[in-house]
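One structure below.
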Amino acid sequence: MNYDVIIVGAGASGLMAAIAAARQGSSVLVIEHKDKAGKKILATGNGKCNFTNLIQIPECYRSNDSAFPMKVLSCFDESKTIQFFEELGIYPKNRNGYLYPNSEQASSIVQVLMLECERLKVEFHYNETVKSIQKPYYTVYTEHTIYEEKLPSGKKKKGTGRAPITIEKRKYLSKKIILATGGCASPQLGSDGSGFILAKSFGHTIIKPLPALVQLKASETYLSTISGVRLSASVRLKVNNKQISKEEGEVIFTDYGISGIPVLQISRFAAKALDQGEKVVIELDFLPELTTDTFYQMVKKRIKQNSIKTTEELLLGIINHKLAYIIVKAAGLDPVQNAGVLNDNDVKKIVHLSKTFRMNIIDTNSFEQAQVCAGGVSTAEINENTLESKLSGGLYLAGELIDVDGTCGGYNLQWAWSSGYVAGTSAGKKLK
């Protein structure tokens with residue numbers, strides 16, 4: 001079977017690429033190894049799908065080449081994304097710059113994309129894995145898995161059940177190939193790293209994929225005591241005692257370490273440093289709105305007014321009581337002793353630990369928990385204007401497969417839309 005464009009992967013970038021290529025008049029086949037398209041889209045924004053953000057600045061995207069993402073986004077930015085989805089029927093809801101479909105259903109995004117693909121006669125093959133792609137005139141070898149599914153009557157039929165009953169080998173020919181397989185994050189939703197193997201087969205350099213937008217593991221023994229505690233804090237990431245990144249917002253302590261949006265935002269840098277064997281520490285300021293001196297004077301005043309309170313009770317109403325206990329213990333003080341006996345040095349210890357609470361980071365959670373993958377195909381080997389491979393003409397790359405990852409807030413989906421559109425439009429143009 002011959003096609004103008006074959007796209008590997010039916011995620012966000014793959015679906016956008018399919019639409020863009022088909023709008024150029026090309027015949028398009030999308031090959032997806034899962035049983036349906038857009039599985040990862042359905043999981044975004046807690047099922048509500050934060051599909052873009054009105055604030056688009058370079059700091060929202062990470063890559064070994066920091067200029068590359070914005071060059072691609074300039075071809076299809078957030079305003080064009082909004083217009084694209086409005087034309088498909090999505091009415092956007094603006095929440096402080098974070099845009100969602102007004103239905104607050106991620107399924108709405110998938111449905112309008114699939115309806116447009118249907119209108120453009122894009123062909124989809126599900127439960128099909130690309131095993132290899134070879135030249136000349138790109139030959140795609142796949143394995144299509146046929147499953148056995150039980151009917152309510154108890155009879156069996158061929159369908160999409162769990163038990164495979166046969167694997168059918170297939171072969172396709174195409175003028176252009178778009179790899180939009182995703183990275184390694186959330187393999188249960190389809191991103192299993194297979195795209196890196198395909199890209200590598202054409203000589204592409206793969207910058208080591210690592211989990212990003214992921215929770216961090218710590219070595220402290222008190223974690224079970226404060227597991228479940230949520231509070232706002234300033235989060236500073238230090239690598240070999242040098243501050244690398246800083247975020248602020250709600251953090252969540254767990255029995256293995258720490259989570260929350262500020263932690264997810266800095267996790268990429270933590271993963272990179274840990275992979276290189278460097279010492280990684282998080283410093284938390286539980287009172288970022290107060291200077292150290294202001295908080296010191298507040299504690300001194302509390303001691304004077306409430307000298308009969310215990311040392312632990314001294315922080316009541318300021319810091320979560322479970323965390324206050326840990327702070328007092330870390331200061332080498334007795335939580336139940338009378339606060340009136342604290343000397344100036346004791347107060348300084350409490351203040352310092354409340355403003356500079358350190359956690360030793362030893363690992364990240366796995367790709368199964370990660371929202372995105374840091375690393376991927378080197379941007380140095382990809383044309384920034386077309387996303388065509390510099391190593392193999394007619395091969396294009398899009399989405400998370402490329403060494404670009406965004407912060408929380410719709411940026412990874414915006415990258416998928418932008419890169420998918422550029423790759424699809426470029427690949428879809430008919431050869432003269």
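Just remember, in the structure tokens the first chain shown is A, the second B, etc., residues are 1-based per chain, and ligands are 1-based in the order shown.
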
Nearby residues (only C-alpha atoms) at most 6 Å from region 183-196 of chain A, same-chain spacing under 3 positions excluded, as JSON, numbers by chain: {"A": [39, 40, 199, 200, 367, 368, 370, 371, 372, 373, 400, 401]}

For the residues selected in the previous step, produce a file with N, CA and C atoms as an mmCIF file, in the first residue's frame.
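Contents of out_6.cif, as written:
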```cif
data_model
loop_
_atom_site.group_PDB
_atom_site.id
_atom_site.type_symbol
_atom_site.label_atom_id
_atom_site.label_comp_id
_atom_site.auth_asym_id
_atom_site.auth_seq_id
_atom_site.Cartn_x
_atom_site.Cartn_y
_atom_site.Cartn_z
ATOM 1 N N LYS A 39 -4.586 8.975 23.538
ATOM 2 C CA LYS A 39 -4.718 8.501 24.923
ATOM 3 C C LYS A 39 -4.053 9.452 25.924
ATOM 4 N N LYS A 40 -2.896 9.990 25.549
ATOM 5 C CA LYS A 40 -2.191 10.880 26.476
ATOM 6 C C LYS A 40 -2.903 12.229 26.596
ATOM 7 N N ALA A 199 14.464 6.550 15.148
ATOM 8 C CA ALA A 199 15.280 7.717 14.795
ATOM 9 C C ALA A 199 16.761 7.355 14.751
ATOM 10 N N LYS A 200 17.171 6.530 15.692
ATOM 11 C CA LYS A 200 18.584 6.118 15.757
ATOM 12 C C LYS A 200 18.973 5.287 14.545
ATOM 13 N N PHE A 367 9.490 6.815 34.759
ATOM 14 C CA PHE A 367 8.778 7.318 33.586
ATOM 15 C C PHE A 367 7.274 7.069 33.700
ATOM 16 N N GLU A 368 6.879 6.044 34.446
ATOM 17 C CA GLU A 368 5.454 5.736 34.598
ATOM 18 C C GLU A 368 4.708 6.894 35.260
ATOM 19 N N ALA A 370 6.032 10.133 35.283
ATOM 20 C CA ALA A 370 6.447 11.388 34.647
ATOM 21 C C ALA A 370 5.417 11.850 33.624
ATOM 22 N N GLN A 371 5.212 13.167 33.552
ATOM 23 C CA GLN A 371 4.292 13.721 32.568
ATOM 24 C C GLN A 371 4.949 13.916 31.216
ATOM 25 N N VAL A 372 6.269 14.043 31.228
ATOM 26 C CA VAL A 372 6.979 14.317 29.980
ATOM 27 C C VAL A 372 8.395 13.777 30.083
ATOM 28 N N CYS A 373 9.049 13.727 28.951
ATOM 29 C CA CYS A 373 10.405 13.189 28.865
ATOM 30 C C CYS A 373 11.371 14.313 28.512
ATOM 31 N N GLU A 400 7.282 15.151 21.465
ATOM 32 C CA GLU A 400 8.164 14.824 22.584
ATOM 33 C C GLU A 400 9.389 14.013 22.179
ATOM 34 N N LEU A 401 9.363 13.443 20.984
ATOM 35 C CA LEU A 401 10.499 12.681 20.482
ATOM 36 C C LEU A 401 11.742 13.569 20.352
#
```

Those of region 88-322 of chain A in DSSP alpha helix (DSSP H), formatted as an MDAnalysis selection string: chainID A and resid 88 106:119 194:200 223:226 261:275 292:305 321:322

Using C-alpha atoms, can you write the selected residues to a file as a compact mmCIF listing (two decimals), in the first residue's frame?
```txt
# COMPACT_ATOMS: atom_id res chain seq x y z
CA LEU A 88 -12.88 22.81 14.77
CA ALA A 106 -10.07 16.48 27.18
CA SER A 107 -12.20 14.14 25.10
CA SER A 108 -13.56 17.21 23.26
CA ILE A 109 -10.07 17.96 21.93
CA VAL A 110 -9.58 14.38 20.75
CA GLN A 111 -13.03 14.24 19.19
CA VAL A 112 -12.65 17.39 17.10
CA LEU A 113 -9.22 16.26 15.90
CA MET A 114 -10.57 12.86 14.90
CA LEU A 115 -13.59 14.41 13.15
CA GLU A 116 -11.25 16.60 11.09
CA CYS A 117 -9.08 13.60 10.26
CA GLU A 118 -12.22 11.78 9.12
CA ARG A 119 -13.24 14.74 6.96
CA SER A 194 10.26 3.03 20.43
CA GLY A 195 10.57 6.21 18.40
CA PHE A 196 14.12 6.72 19.61
CA ILE A 197 15.07 3.34 18.14
CA LEU A 198 13.56 4.31 14.78
CA ALA A 199 15.28 7.72 14.79
CA LYS A 200 18.58 6.12 15.76
CA LEU A 223 9.03 11.42 55.52
CA SER A 224 6.37 9.04 56.80
CA THR A 225 5.63 11.54 59.60
CA ILE A 226 4.81 14.41 57.24
CA ILE A 261 3.82 21.82 40.74
CA PRO A 262 6.97 23.73 41.87
CA VAL A 263 8.73 20.39 42.35
CA LEU A 264 7.60 19.12 38.94
CA GLN A 265 8.87 22.31 37.32
CA ILE A 266 12.43 21.85 38.61
CA SER A 267 12.50 18.06 38.30
CA ARG A 268 14.10 18.13 34.83
CA PHE A 269 17.21 19.79 36.23
CA ALA A 270 17.27 17.42 39.21
CA ALA A 271 17.06 14.39 36.89
CA LYS A 272 19.94 15.67 34.75
CA ALA A 273 22.13 16.35 37.78
CA LEU A 274 21.36 13.00 39.40
CA ASP A 275 22.16 11.22 36.16
CA THR A 292 14.39 36.10 58.01
CA ASP A 293 14.58 39.05 60.41
CA THR A 294 10.80 39.61 60.34
CA PHE A 295 10.14 35.99 61.17
CA TYR A 296 12.83 36.05 63.88
CA GLN A 297 11.12 39.02 65.55
CA MET A 298 7.74 37.26 65.24
CA VAL A 299 9.04 34.17 67.07
CA LYS A 300 10.68 36.29 69.78
CA LYS A 301 7.40 38.14 70.32
CA ARG A 302 5.50 34.85 70.54
CA ILE A 303 7.87 33.57 73.22
CA LYS A 304 7.38 36.72 75.23
CA GLN A 305 3.57 36.56 74.93
CA HIS A 321 2.04 21.09 63.20
CA LYS A 322 3.54 17.88 61.79
```

Contacts of Ser13 (chain A) at 8 Å (only C-alpha atoms; same-chain gap of 6+ positions) as JSON, numbers by chain: {"A": [180, 398, 399, 416, 417, 418, 419, 420, 421]}

Contacts of region 216-317 of chain A with region 338-357 of chain A up to 7 Å, shortest pair per row, only C-alpha atoms, as a tab-separated table:
```
residue	atom	partner	partner_atom	distance
A:Glu283	CA	A:Phe357	CA	5.3
A:Leu284	CA	A:Phe357	CA	4.9
A:Asp285	CA	A:Lys355	CA	4.1
A:Phe286	CA	A:Lys355	CA	5.9
A:Leu287	CA	A:Lys355	CA	6.4
A:Thr292	CA	A:Val351	CA	6.9
A:Phe295	CA	A:Val351	CA	6.8
A:Tyr296	CA	A:Val351	CA	6.0
A:Ile303	CA	A:Gly340	CA	5.9
A:Ser307	CA	A:Gly340	CA	4.3
A:Ile308	CA	A:Asn338	CA	6.0
A:Lys309	CA	A:Ala339	CA	5.7
A:Thr310	CA	A:Asn338	CA	4.5
A:Thr311	CA	A:Ala339	CA	4.5
A:Leu314	CA	A:Ala339	CA	6.9
```

DSSP strand (DSSP E) selection over region 239-371 of chain A, as an NGL selection string: :A and (239 or 242-253 or 257-259 or 280-285 or 357-364)

Print the selection's residues with C-alpha atoms to a file, as a PDB file, in the first residue's frame.
```pdb
ATOM      1  CA  VAL A 239      23.275  21.140  42.590  1.00  0.00           C
ATOM      2  CA  LYS A 242      24.839  26.044  43.526  1.00  0.00           C
ATOM      3  CA  GLN A 243      21.258  27.218  42.959  1.00  0.00           C
ATOM      4  CA  ILE A 244      20.030  25.985  39.573  1.00  0.00           C
ATOM      5  CA  SER A 245      16.327  26.778  39.633  1.00  0.00           C
ATOM      6  CA  LYS A 246      13.659  28.331  41.850  1.00  0.00           C
ATOM      7  CA  GLU A 247       9.864  27.967  41.884  1.00  0.00           C
ATOM      8  CA  GLU A 248       7.044  28.826  44.265  1.00  0.00           C
ATOM      9  CA  GLY A 249       3.656  27.227  44.964  1.00  0.00           C
ATOM     10  CA  GLU A 250       2.020  24.336  46.788  1.00  0.00           C
ATOM     11  CA  VAL A 251       4.273  21.420  47.669  1.00  0.00           C
ATOM     12  CA  ILE A 252       3.128  18.006  48.845  1.00  0.00           C
ATOM     13  CA  PHE A 253       5.201  15.749  51.093  1.00  0.00           C
ATOM     14  CA  GLY A 257       9.869  12.498  48.991  1.00  0.00           C
ATOM     15  CA  ILE A 258       8.135  15.565  47.624  1.00  0.00           C
ATOM     16  CA  SER A 259       5.663  16.541  44.900  1.00  0.00           C
ATOM     17  CA  VAL A 280      21.123  17.422  44.583  1.00  0.00           C
ATOM     18  CA  VAL A 281      19.378  19.261  47.414  1.00  0.00           C
ATOM     19  CA  ILE A 282      16.039  21.036  47.663  1.00  0.00           C
ATOM     20  CA  GLU A 283      15.753  24.015  50.002  1.00  0.00           C
ATOM     21  CA  LEU A 284      12.258  25.013  51.085  1.00  0.00           C
ATOM     22  CA  ASP A 285      11.219  28.376  52.476  1.00  0.00           C
ATOM     23  CA  PHE A 357      14.496  23.442  55.104  1.00  0.00           C
ATOM     24  CA  ARG A 358      16.791  21.038  53.224  1.00  0.00           C
ATOM     25  CA  MET A 359      15.953  17.695  51.650  1.00  0.00           C
ATOM     26  CA  ASN A 360      18.538  15.433  50.029  1.00  0.00           C
ATOM     27  CA  ILE A 361      17.229  14.277  46.640  1.00  0.00           C
ATOM     28  CA  ILE A 362      18.376  10.803  45.637  1.00  0.00           C
ATOM     29  CA  ASP A 363      16.187   9.994  42.632  1.00  0.00           C
ATOM     30  CA  THR A 364      13.115  10.873  40.602  1.00  0.00           C
TER      31      THR A 364
END
```

Among the residues A:Met70, A:Gln337, A:Lys430, A:Gly9, the one that comes closest to Tyr126 (chain A) [using only C-alpha atoms]: A:Gly9
